[in-house]
Amino acid sequence: MTAVDAPGAAAAGGPLDIDVIIVDGGRVLGRRGDGAVALPRLRLTEPWPPPSSQLPAAVATETGLRVALLAPLDSTLFTAEPVDGHPAGGYAWHDVAAFGAGPVRAWRHRPEPAGGPDWYRPGWFAAACAWLDETLAERGAGRTGPVAQIRHWTTSTVLRAPTTDGAVFLKASLPVLADEPRVIAELARSWPRAVPEVLADSPRRGWWLSADFGAQPPARDGGAALRMLARMQTATVDRTDPLRAAGVPRLTLDDLAARAPAVTRRAELWGARGGANLTGVAMWLQDRCAELDEFDLPLTLVHGDLHPGNVADRPDGPLLFDWSFARVSHPLLDLGGWLHAVSEAQARRHVDAYLDGWRQVAAPAELREAWRVAKPVAALAELVKFADLIDATGAGYEFDYLPMAGVWARRVLDAVAGRDEHLTGWGDA
């Protein structure tokens, strides 16, 4: 998802330049030129957040080293540790003093922010690879190539490894999101082909292993993905206790309304828009929550981070993954995330597909009117999510979340001002 007109956004589109501080003991990788030593600078084609799926391969091409990413210091500066290989292309190891004033010195004197995840620390990658190899051996399989970091940011990290049984993925998440494998296992009881296959789970470490999906995201058939979600949701109505037992929290419209005043007081989420009458915005959002509640749609399974990048089109149907933010909540909240970056024409088709899956619960006209009311409520739910992530990780990593928080803050203010007149989406994208 791209950040558009958002506070804290490093870029609203590619390319993006990122410097990397690669540390080996007390030395840092650099290349001498014009009398100074410079860090590797990589130009990536996709904007933050997060560029981590491209960064390790770009580092290897530029420097000859395969690295494991560590902590980002901001949206354009990463730290990393070497895994194998030798410096090439004019790069060599240098003392920290050789870099003079600038990012390296700032990194050396920067206190480690509180709340950073374990995978930002040296040695985590090696420990995860060792657990992966042990787990594969217990299953009678083995790794056939190097482990790649394909997602690495403050919320979670994902590693991919080729094996004798096909590719596998290792995921680690923040402790507040660590119930995901148990949630998926519960969903797999009824929809085994619609969710990832959990191969192993280490609750103590917060790591779990899944099989290859058999297809690559993003989803091309959005209608099929939304019909699948609707089937899962309608089947879960009045049967949410097993999900709650698996760790899925409950988020009611009353809960969201109660969060509105505190969220509108958080200036960092609103950026330059913080000068607006946000007390009035909070009251307006509370009224929309109450209005939506009058439609009396039942609480059910909500994915919580639904967008085409979290769906893979398999031959036998869509697979929905990344259930970290699953909730028992109002079903229409998932439409907000799905529709925010699609055109109005696409949105119309997708809403038709999704609401058709709910026809046994409510009339189509009622559901359409409910979605009109639900749009700003869905944006509020996203703001609450990003506020909670900042609280879980600390202000030192809020740059990971402020771009998208800004997108949803704009959605709220557009709705308050009457600029979200489109029934099925957020306007022409």
# chains A, B, ... in the order shown; residues from 1 in each chain; ligands from 1

$ residues_around --residues "region 208-220 of chain A" --least-positions-apart "3" --cutoff "10 Å" --atoms "only C-alpha atoms" --output "PDB file with N, CA and C atoms, in the first residue's frame"
ATOM      1  N   LEU A 132      14.917 -23.389  11.758  1.00  0.00           N
ATOM      2  CA  LEU A 132      14.325 -23.840  10.505  1.00  0.00           C
ATOM      3  C   LEU A 132      14.938 -25.154  10.058  1.00  0.00           C
ATOM      4  N   THR A 135      13.829 -28.014  12.344  1.00  0.00           N
ATOM      5  CA  THR A 135      12.429 -28.362  12.112  1.00  0.00           C
ATOM      6  C   THR A 135      12.279 -29.144  10.826  1.00  0.00           C
ATOM      7  N   LEU A 136      12.997 -28.734   9.789  1.00  0.00           N
ATOM      8  CA  LEU A 136      12.945 -29.482   8.532  1.00  0.00           C
ATOM      9  C   LEU A 136      13.468 -30.898   8.722  1.00  0.00           C
ATOM     10  N   VAL A 158       9.479 -12.174   7.647  1.00  0.00           N
ATOM     11  CA  VAL A 158       9.182 -13.428   6.945  1.00  0.00           C
ATOM     12  C   VAL A 158      10.428 -13.864   6.191  1.00  0.00           C
ATOM     13  N   LEU A 159      10.809 -15.106   6.381  1.00  0.00           N
ATOM     14  CA  LEU A 159      11.928 -15.713   5.667  1.00  0.00           C
ATOM     15  C   LEU A 159      11.394 -16.790   4.718  1.00  0.00           C
ATOM     16  N   ARG A 160      12.068 -16.959   3.597  1.00  0.00           N
ATOM     17  CA  ARG A 160      11.701 -18.003   2.630  1.00  0.00           C
ATOM     18  C   ARG A 160      12.903 -18.897   2.403  1.00  0.00           C
ATOM     19  N   ALA A 161      12.666 -20.218   2.393  1.00  0.00           N
ATOM     20  CA  ALA A 161      13.755 -21.170   2.182  1.00  0.00           C
ATOM     21  C   ALA A 161      13.314 -22.249   1.194  1.00  0.00           C
ATOM     22  N   PRO A 162      14.130 -22.552   0.183  1.00  0.00           N
ATOM     23  CA  PRO A 162      13.843 -23.695  -0.685  1.00  0.00           C
ATOM     24  C   PRO A 162      14.222 -24.989   0.036  1.00  0.00           C
ATOM     25  N   ASP A 165      11.136 -30.471   0.047  1.00  0.00           N
ATOM     26  CA  ASP A 165       9.676 -30.609  -0.030  1.00  0.00           C
ATOM     27  C   ASP A 165       9.008 -29.355  -0.572  1.00  0.00           C
ATOM     28  N   GLY A 166       9.759 -28.506  -1.258  1.00  0.00           N
ATOM     29  CA  GLY A 166       9.211 -27.254  -1.745  1.00  0.00           C
ATOM     30  C   GLY A 166       9.553 -26.103  -0.817  1.00  0.00           C
ATOM     31  N   ALA A 167       9.219 -24.903  -1.221  1.00  0.00           N
ATOM     32  CA  ALA A 167       9.549 -23.728  -0.427  1.00  0.00           C
ATOM     33  C   ALA A 167       8.738 -23.691   0.866  1.00  0.00           C
ATOM     34  N   VAL A 168       9.351 -23.161   1.918  1.00  0.00           N
ATOM     35  CA  VAL A 168       8.665 -22.943   3.191  1.00  0.00           C
ATOM     36  C   VAL A 168       8.919 -21.500   3.632  1.00  0.00           C
ATOM     37  N   PHE A 169       8.043 -21.013   4.513  1.00  0.00           N
ATOM     38  CA  PHE A 169       8.142 -19.651   5.013  1.00  0.00           C
ATOM     39  C   PHE A 169       8.175 -19.674   6.538  1.00  0.00           C
ATOM     40  N   LEU A 170       9.108 -18.942   7.115  1.00  0.00           N
ATOM     41  CA  LEU A 170       9.173 -18.758   8.557  1.00  0.00           C
ATOM     42  C   LEU A 170       8.720 -17.334   8.860  1.00  0.00           C
ATOM     43  N   LYS A 171       7.764 -17.207   9.777  1.00  0.00           N
ATOM     44  CA  LYS A 171       7.261 -15.882  10.151  1.00  0.00           C
ATOM     45  C   LYS A 171       7.410 -15.680  11.646  1.00  0.00           C
ATOM     46  N   ALA A 172       7.793 -14.468  12.021  1.00  0.00           N
ATOM     47  CA  ALA A 172       7.796 -14.041  13.420  1.00  0.00           C
ATOM     48  C   ALA A 172       7.070 -12.704  13.487  1.00  0.00           C
ATOM     49  N   SER A 173       6.267 -12.528  14.526  1.00  0.00           N
ATOM     50  CA  SER A 173       5.481 -11.303  14.680  1.00  0.00           C
ATOM     51  C   SER A 173       5.652 -10.733  16.074  1.00  0.00           C
ATOM     52  N   ALA A 178       1.095 -12.711  18.001  1.00  0.00           N
ATOM     53  CA  ALA A 178       1.726 -14.028  17.903  1.00  0.00           C
ATOM     54  C   ALA A 178       0.749 -15.195  17.872  1.00  0.00           C
ATOM     55  N   GLU A 180      -1.309 -15.819  15.538  1.00  0.00           N
ATOM     56  CA  GLU A 180      -1.709 -16.088  14.153  1.00  0.00           C
ATOM     57  C   GLU A 180      -1.698 -17.567  13.775  1.00  0.00           C
ATOM     58  N   PRO A 181      -0.662 -18.365  14.100  1.00  0.00           N
ATOM     59  CA  PRO A 181      -0.704 -19.773  13.693  1.00  0.00           C
ATOM     60  C   PRO A 181      -1.844 -20.544  14.336  1.00  0.00           C
ATOM     61  N   ARG A 182      -2.206 -20.204  15.583  1.00  0.00           N
ATOM     62  CA  ARG A 182      -3.343 -20.871  16.216  1.00  0.00           C
ATOM     63  C   ARG A 182      -4.656 -20.455  15.555  1.00  0.00           C
ATOM     64  N   ARG A 193      -8.051 -25.173   2.407  1.00  0.00           N
ATOM     65  CA  ARG A 193      -7.404 -24.676   1.199  1.00  0.00           C
ATOM     66  C   ARG A 193      -7.451 -23.155   1.086  1.00  0.00           C
ATOM     67  N   ALA A 194      -8.146 -22.514   1.995  1.00  0.00           N
ATOM     68  CA  ALA A 194      -8.289 -21.058   1.922  1.00  0.00           C
ATOM     69  C   ALA A 194      -7.309 -20.318   2.817  1.00  0.00           C
ATOM     70  N   VAL A 195      -6.512 -21.043   3.606  1.00  0.00           N
ATOM     71  CA  VAL A 195      -5.545 -20.430   4.518  1.00  0.00           C
ATOM     72  C   VAL A 195      -4.219 -21.174   4.394  1.00  0.00           C
ATOM     73  N   PRO A 196      -3.122 -20.588   4.860  1.00  0.00           N
ATOM     74  CA  PRO A 196      -1.830 -21.281   4.785  1.00  0.00           C
ATOM     75  C   PRO A 196      -1.839 -22.590   5.565  1.00  0.00           C
ATOM     76  N   GLU A 197      -0.935 -23.482   5.171  1.00  0.00           N
ATOM     77  CA  GLU A 197      -0.743 -24.735   5.894  1.00  0.00           C
ATOM     78  C   GLU A 197       0.372 -24.531   6.928  1.00  0.00           C
ATOM     79  N   VAL A 198       0.016 -24.621   8.201  1.00  0.00           N
ATOM     80  CA  VAL A 198       1.001 -24.460   9.271  1.00  0.00           C
ATOM     81  C   VAL A 198       1.752 -25.778   9.438  1.00  0.00           C
ATOM     82  N   LEU A 199       3.069 -25.753   9.232  1.00  0.00           N
ATOM     83  CA  LEU A 199       3.890 -26.963   9.335  1.00  0.00           C
ATOM     84  C   LEU A 199       4.473 -27.135  10.732  1.00  0.00           C
ATOM     85  N   ALA A 200       4.772 -26.041  11.407  1.00  0.00           N
ATOM     86  CA  ALA A 200       5.372 -26.103  12.746  1.00  0.00           C
ATOM     87  C   ALA A 200       5.132 -24.773  13.435  1.00  0.00           C
ATOM     88  N   ASP A 201       5.160 -24.815  14.761  1.00  0.00           N
ATOM     89  CA  ASP A 201       4.877 -23.623  15.554  1.00  0.00           C
ATOM     90  C   ASP A 201       5.726 -23.666  16.818  1.00  0.00           C
ATOM     91  N   SER A 202       6.409 -22.582  17.105  1.00  0.00           N
ATOM     92  CA  SER A 202       7.199 -22.470  18.330  1.00  0.00           C
ATOM     93  C   SER A 202       6.666 -21.285  19.127  1.00  0.00           C
ATOM     94  N   PRO A 203       5.625 -21.496  19.942  1.00  0.00           N
ATOM     95  CA  PRO A 203       5.048 -20.364  20.690  1.00  0.00           C
ATOM     96  C   PRO A 203       6.047 -19.654  21.584  1.00  0.00           C
ATOM     97  N   ARG A 205       9.169 -19.010  21.061  1.00  0.00           N
ATOM     98  CA  ARG A 205       9.950 -18.055  20.276  1.00  0.00           C
ATOM     99  C   ARG A 205       9.065 -17.085  19.494  1.00  0.00           C
ATOM    100  N   GLY A 223     -12.945 -10.405  -6.845  1.00  0.00           N
ATOM    101  CA  GLY A 223     -14.282 -10.901  -6.545  1.00  0.00           C
ATOM    102  C   GLY A 223     -14.256 -12.256  -5.876  1.00  0.00           C
ATOM    103  N   ALA A 224     -13.396 -13.154  -6.370  1.00  0.00           N
ATOM    104  CA  ALA A 224     -13.301 -14.492  -5.773  1.00  0.00           C
ATOM    105  C   ALA A 224     -12.800 -14.408  -4.343  1.00  0.00           C
ATOM    106  N   ALA A 225     -11.821 -13.534  -4.090  1.00  0.00           N
ATOM    107  CA  ALA A 225     -11.298 -13.391  -2.735  1.00  0.00           C
ATOM    108  C   ALA A 225     -12.377 -12.895  -1.782  1.00  0.00           C
ATOM    109  N   HIS A 307      -6.186  -6.883   1.817  1.00  0.00           N
ATOM    110  CA  HIS A 307      -5.885  -6.181   0.573  1.00  0.00           C
ATOM    111  C   HIS A 307      -5.354  -7.215  -0.411  1.00  0.00           C
ATOM    112  N   PRO A 308      -5.304  -6.900  -1.703  1.00  0.00           N
ATOM    113  CA  PRO A 308      -4.894  -7.908  -2.692  1.00  0.00           C
ATOM    114  C   PRO A 308      -3.528  -8.517  -2.436  1.00  0.00           C
ATOM    115  N   GLY A 309      -2.625  -7.791  -1.763  1.00  0.00           N
ATOM    116  CA  GLY A 309      -1.309  -8.338  -1.457  1.00  0.00           C
ATOM    117  C   GLY A 309      -1.319  -9.424  -0.415  1.00  0.00           C
ATOM    118  N   ASN A 310      -2.435  -9.626   0.272  1.00  0.00           N
ATOM    119  CA  ASN A 310      -2.566 -10.704   1.261  1.00  0.00           C
ATOM    120  C   ASN A 310      -3.471 -11.822   0.768  1.00  0.00           C
ATOM    121  N   VAL A 311      -3.595 -11.936  -0.547  1.00  0.00           N
ATOM    122  CA  VAL A 311      -4.376 -13.010  -1.166  1.00  0.00           C
ATOM    123  C   VAL A 311      -3.593 -13.573  -2.333  1.00  0.00           C
ATOM    124  N   ALA A 312      -3.577 -14.891  -2.458  1.00  0.00           N
ATOM    125  CA  ALA A 312      -2.952 -15.572  -3.588  1.00  0.00           C
ATOM    126  C   ALA A 312      -4.026 -16.338  -4.352  1.00  0.00           C
ATOM    127  N   ASP A 313      -4.032 -16.207  -5.678  1.00  0.00           N
ATOM    128  CA  ASP A 313      -5.004 -16.910  -6.521  1.00  0.00           C
ATOM    129  C   ASP A 313      -4.482 -18.307  -6.835  1.00  0.00           C
ATOM    130  N   ARG A 314      -5.013 -19.321  -6.166  1.00  0.00           N
ATOM    131  CA  ARG A 314      -4.625 -20.698  -6.470  1.00  0.00           C
ATOM    132  C   ARG A 314      -5.620 -21.296  -7.458  1.00  0.00           C
ATOM    133  N   PRO A 315      -5.229 -22.350  -8.169  1.00  0.00           N
ATOM    134  CA  PRO A 315      -6.159 -22.950  -9.134  1.00  0.00           C
ATOM    135  C   PRO A 315      -7.470 -23.416  -8.512  1.00  0.00           C
ATOM    136  N   PRO A 318      -9.033 -18.895  -3.969  1.00  0.00           N
ATOM    137  CA  PRO A 318      -8.122 -17.947  -3.319  1.00  0.00           C
ATOM    138  C   PRO A 318      -7.647 -18.435  -1.961  1.00  0.00           C
ATOM    139  N   LEU A 319      -6.414 -18.077  -1.631  1.00  0.00           N
ATOM    140  CA  LEU A 319      -5.853 -18.332  -0.315  1.00  0.00           C
ATOM    141  C   LEU A 319      -5.649 -16.987   0.363  1.00  0.00           C
ATOM    142  N   LEU A 320      -6.241 -16.820   1.544  1.00  0.00           N
ATOM    143  CA  LEU A 320      -6.119 -15.580   2.317  1.00  0.00           C
ATOM    144  C   LEU A 320      -5.069 -15.799   3.406  1.00  0.00           C
ATOM    145  N   PHE A 321      -4.068 -14.939   3.447  1.00  0.00           N
ATOM    146  CA  PHE A 321      -3.018 -15.105   4.450  1.00  0.00           C
ATOM    147  C   PHE A 321      -2.808 -13.816   5.231  1.00  0.00           C
TER     148      PHE A 321
END

$ residues_around --residues "region 353-368 of chain A" --least-positions-apart "2" --cutoff "6 Å" --atoms "only C-alpha atoms" --output "ChimeraX atom specification"
/A:223,226-227,230,350-351,370-371

$ write_last_selection --atoms "N, CA, C and O atoms" --output "JSON list (two decimals), in the first residue's frame"
[["chain", "number", "residue", "atom", "x", "y", "z"],
["A", 223, "GLY", "N", -12.94, -10.40, -6.84],
["A", 223, "GLY", "CA", -14.28, -10.90, -6.55],
["A", 223, "GLY", "C", -14.26, -12.26, -5.88],
["A", 223, "GLY", "O", -14.99, -12.50, -4.91],
["A", 226, "LEU", "N", -13.16, -11.92, -2.21],
["A", 226, "LEU", "CA", -14.19, -11.36, -1.35],
["A", 226, "LEU", "C", -15.35, -12.33, -1.16],
["A", 226, "LEU", "O", -15.95, -12.38, -0.08],
["A", 227, "ARG", "N", -15.67, -13.11, -2.17],
["A", 227, "ARG", "CA", -16.71, -14.15, -2.00],
["A", 227, "ARG", "C", -16.26, -15.20, -1.00],
["A", 227, "ARG", "O", -17.05, -15.68, -0.17],
["A", 230, "ALA", "N", -16.58, -13.71, 2.45],
["A", 230, "ALA", "CA", -17.99, -13.67, 2.86],
["A", 230, "ALA", "C", -18.48, -15.04, 3.29],
["A", 230, "ALA", "O", -19.24, -15.17, 4.27],
["A", 350, "HIS", "N", -16.33, -5.38, -6.90],
["A", 350, "HIS", "CA", -15.91, -6.09, -5.69],
["A", 350, "HIS", "C", -16.96, -6.01, -4.59],
["A", 350, "HIS", "O", -17.21, -7.00, -3.89],
["A", 351, "VAL", "N", -17.58, -4.85, -4.45],
["A", 351, "VAL", "CA", -18.64, -4.73, -3.45],
["A", 351, "VAL", "C", -19.81, -5.62, -3.81],
["A", 351, "VAL", "O", -20.40, -6.28, -2.94],
["A", 370, "ALA", "N", -25.57, 0.19, 4.48],
["A", 370, "ALA", "CA", -24.69, -0.04, 5.62],
["A", 370, "ALA", "C", -23.24, 0.27, 5.25],
["A", 370, "ALA", "O", -22.49, 0.84, 6.06],
["A", 371, "TRP", "N", -22.81, -0.10, 4.04],
["A", 371, "TRP", "CA", -21.44, 0.19, 3.64],
["A", 371, "TRP", "C", -21.21, 1.69, 3.53],
["A", 371, "TRP", "O", -20.15, 2.21, 3.90]]

$ select_by_dssp --residues "region 232-391 of chain A" --states "helix (DSSP H, G or I)" --output "compact mmCIF listing (two decimals) with C-alpha atoms, in the first residue's frame"
# COMPACT_ATOMS: atom_id res chain seq x y z
CA MET A 232 -16.04 -17.70 5.91
CA GLN A 233 -17.74 -14.82 7.70
CA THR A 234 -21.33 -15.94 7.28
CA ALA A 235 -20.39 -19.44 8.43
CA THR A 236 -18.76 -17.93 11.52
CA ASP A 241 -16.15 -19.01 20.43
CA PRO A 242 -13.49 -21.28 18.85
CA LEU A 243 -11.83 -18.24 17.30
CA ARG A 244 -11.88 -16.41 20.62
CA ALA A 245 -10.28 -19.47 22.24
CA LEU A 253 -18.64 -0.79 17.35
CA ASP A 254 -18.96 0.44 20.92
CA ASP A 255 -15.25 -0.32 21.40
CA LEU A 256 -14.38 1.70 18.31
CA ALA A 257 -16.58 4.60 19.37
CA ALA A 258 -14.87 4.63 22.77
CA ARG A 259 -11.44 4.82 21.08
CA ALA A 260 -12.35 7.77 18.82
CA PRO A 261 -11.58 10.62 21.28
CA ALA A 262 -8.11 9.30 22.15
CA VAL A 263 -7.24 8.61 18.51
CA THR A 264 -8.22 12.12 17.43
CA ALA A 267 -1.34 14.58 16.62
CA GLU A 268 1.22 12.23 15.04
CA LEU A 269 -1.56 10.28 13.29
CA TRP A 270 -3.03 13.39 11.67
CA GLY A 271 0.08 15.32 10.66
CA ALA A 272 -0.70 18.75 9.21
CA ARG A 273 -4.40 18.00 9.59
CA GLY A 274 -4.06 18.19 13.37
CA GLY A 275 -5.30 21.77 13.34
CA LEU A 278 -10.76 16.89 15.86
CA THR A 279 -12.97 16.92 18.95
CA GLY A 280 -15.89 17.38 16.58
CA VAL A 281 -14.46 14.64 14.36
CA ALA A 282 -14.43 12.22 17.31
CA MET A 283 -18.07 12.94 18.08
CA TRP A 284 -18.97 12.54 14.41
CA LEU A 285 -17.23 9.15 14.29
CA GLN A 286 -19.07 8.04 17.41
CA ASP A 287 -22.36 8.95 15.72
CA ARG A 288 -21.37 6.90 12.65
CA CYS A 289 -20.59 3.90 14.87
CA ALA A 290 -24.02 4.20 16.46
CA GLU A 291 -25.68 4.58 13.05
CA LEU A 292 -23.90 1.52 11.69
CA ASP A 293 -24.92 -0.47 14.77
CA PRO A 308 -4.89 -7.91 -2.69
CA GLY A 309 -1.31 -8.34 -1.46
CA ASN A 310 -2.57 -10.70 1.26
CA LEU A 333 -14.69 -3.24 8.22
CA ASP A 334 -12.67 -5.47 5.87
CA LEU A 335 -14.03 -3.64 2.83
CA GLY A 336 -12.22 -0.47 3.87
CA GLY A 337 -8.76 -1.96 3.49
CA TRP A 338 -9.64 -3.82 0.31
CA LEU A 339 -11.17 -0.87 -1.56
CA GLU A 344 -14.40 3.06 -8.57
CA ALA A 345 -15.24 0.61 -11.37
CA GLN A 346 -13.27 -2.16 -9.68
CA ALA A 347 -14.75 -1.27 -6.32
CA ARG A 348 -18.28 -1.54 -7.66
CA ARG A 349 -17.65 -5.08 -8.90
CA HIS A 350 -15.91 -6.09 -5.69
CA VAL A 351 -18.64 -4.73 -3.45
CA ASP A 352 -21.25 -6.56 -5.54
CA ALA A 353 -19.32 -9.82 -5.10
CA TYR A 354 -18.84 -9.35 -1.37
CA LEU A 355 -22.37 -8.24 -0.52
CA ASP A 356 -23.82 -11.07 -2.61
CA PRO A 364 -28.73 -6.05 -0.81
CA ALA A 365 -30.13 -2.52 -0.51
CA GLU A 366 -29.69 -2.58 3.25
CA LEU A 367 -26.13 -3.85 2.93
CA ARG A 368 -25.23 -1.11 0.45
CA GLU A 369 -26.59 1.55 2.74
CA ALA A 370 -24.69 -0.04 5.62
CA TRP A 371 -21.44 0.19 3.64
CA ARG A 372 -22.06 3.89 2.99
CA VAL A 373 -22.21 4.42 6.74
CA ALA A 374 -19.36 1.98 7.44
CA LYS A 375 -16.67 3.68 5.33
CA PRO A 376 -15.49 6.20 7.95
CA VAL A 377 -15.90 3.55 10.67
CA ALA A 378 -13.57 1.27 8.69
CA ALA A 379 -11.08 4.15 8.50
CA LEU A 380 -11.36 4.63 12.27
CA ALA A 381 -10.63 0.92 12.78
CA GLU A 382 -7.46 1.29 10.70
CA LEU A 383 -6.36 4.34 12.70
CA VAL A 384 -6.89 2.39 15.92
CA LYS A 385 -4.78 -0.45 14.51
CA PHE A 386 -1.85 1.82 13.66
CA ALA A 387 -2.09 3.66 16.98
CA ASP A 388 -1.87 0.31 18.77
CA LEU A 389 1.16 -0.72 16.69
CA ILE A 390 2.97 2.49 17.60
CA ASP A 391 2.17 1.83 21.26

$ residues_around --residues "Ile22 (chain A)" --least-positions-apart "2" --cutoff "8 Å" --atoms "only C-alpha atoms" --output "ChimeraX atom specification"
/A:20,24,28-29,67,79-82

$ closest_residue --among "A:Ala326, A:Ala92, A:Leu423, A:Leu42" --to "Asp179 (chain A)" --atoms "only C-alpha atoms"
A:Ala326

$ residues_around --residues "Gly89 (chain A)" --least-positions-apart "6" --cutoff "8 Å" --atoms "only C-alpha atoms" --output "PDB file with N, CA and C atoms, in the first residue's frame"
ATOM      1  N   GLU A  62      25.303  -5.108  -5.227  1.00  0.00           N
ATOM      2  CA  GLU A  62      26.146  -3.918  -5.112  1.00  0.00           C
ATOM      3  C   GLU A  62      27.474  -4.213  -4.429  1.00  0.00           C
ATOM      4  N   THR A  63      27.478  -5.063  -3.386  1.00  0.00           N
ATOM      5  CA  THR A  63      28.667  -5.180  -2.524  1.00  0.00           C
ATOM      6  C   THR A  63      29.332  -6.555  -2.553  1.00  0.00           C
ATOM      7  N   GLY A  64      28.662  -7.583  -3.094  1.00  0.00           N
ATOM      8  CA  GLY A  64      29.210  -8.930  -3.041  1.00  0.00           C
ATOM      9  C   GLY A  64      28.902  -9.676  -1.770  1.00  0.00           C
TER      10      GLY A  64
END

$ residues_around --residues "Thr76 (chain A)" --least-positions-apart "5" --cutoff "7 Å" --atoms "only C-alpha atoms" --output "ChimeraX atom specification"
/A:17-19

$ residues_around --residues "Leu55 (chain A)" --least-positions-apart "3" --cutoff "10 Å" --atoms "only C-alpha atoms" --output "number ranges by chain"
A: 18, 20, 42-44, 50-52, 58-61, 67-69, 78, 149-152

$ closest_residue --among "A:Leu306, A:Leu77, A:Ala36, A:Val104" --to "Leu229 (chain A)" --atoms "only C-alpha atoms"
A:Leu306

$ select_by_dssp --residues "region 87-289 of chain A" --states "strand (DSSP E or B)" --output "PyMOL selection string"
chain A and resi 91-95+143+148-152+156-161+163+168-173+198-202+207-211+250
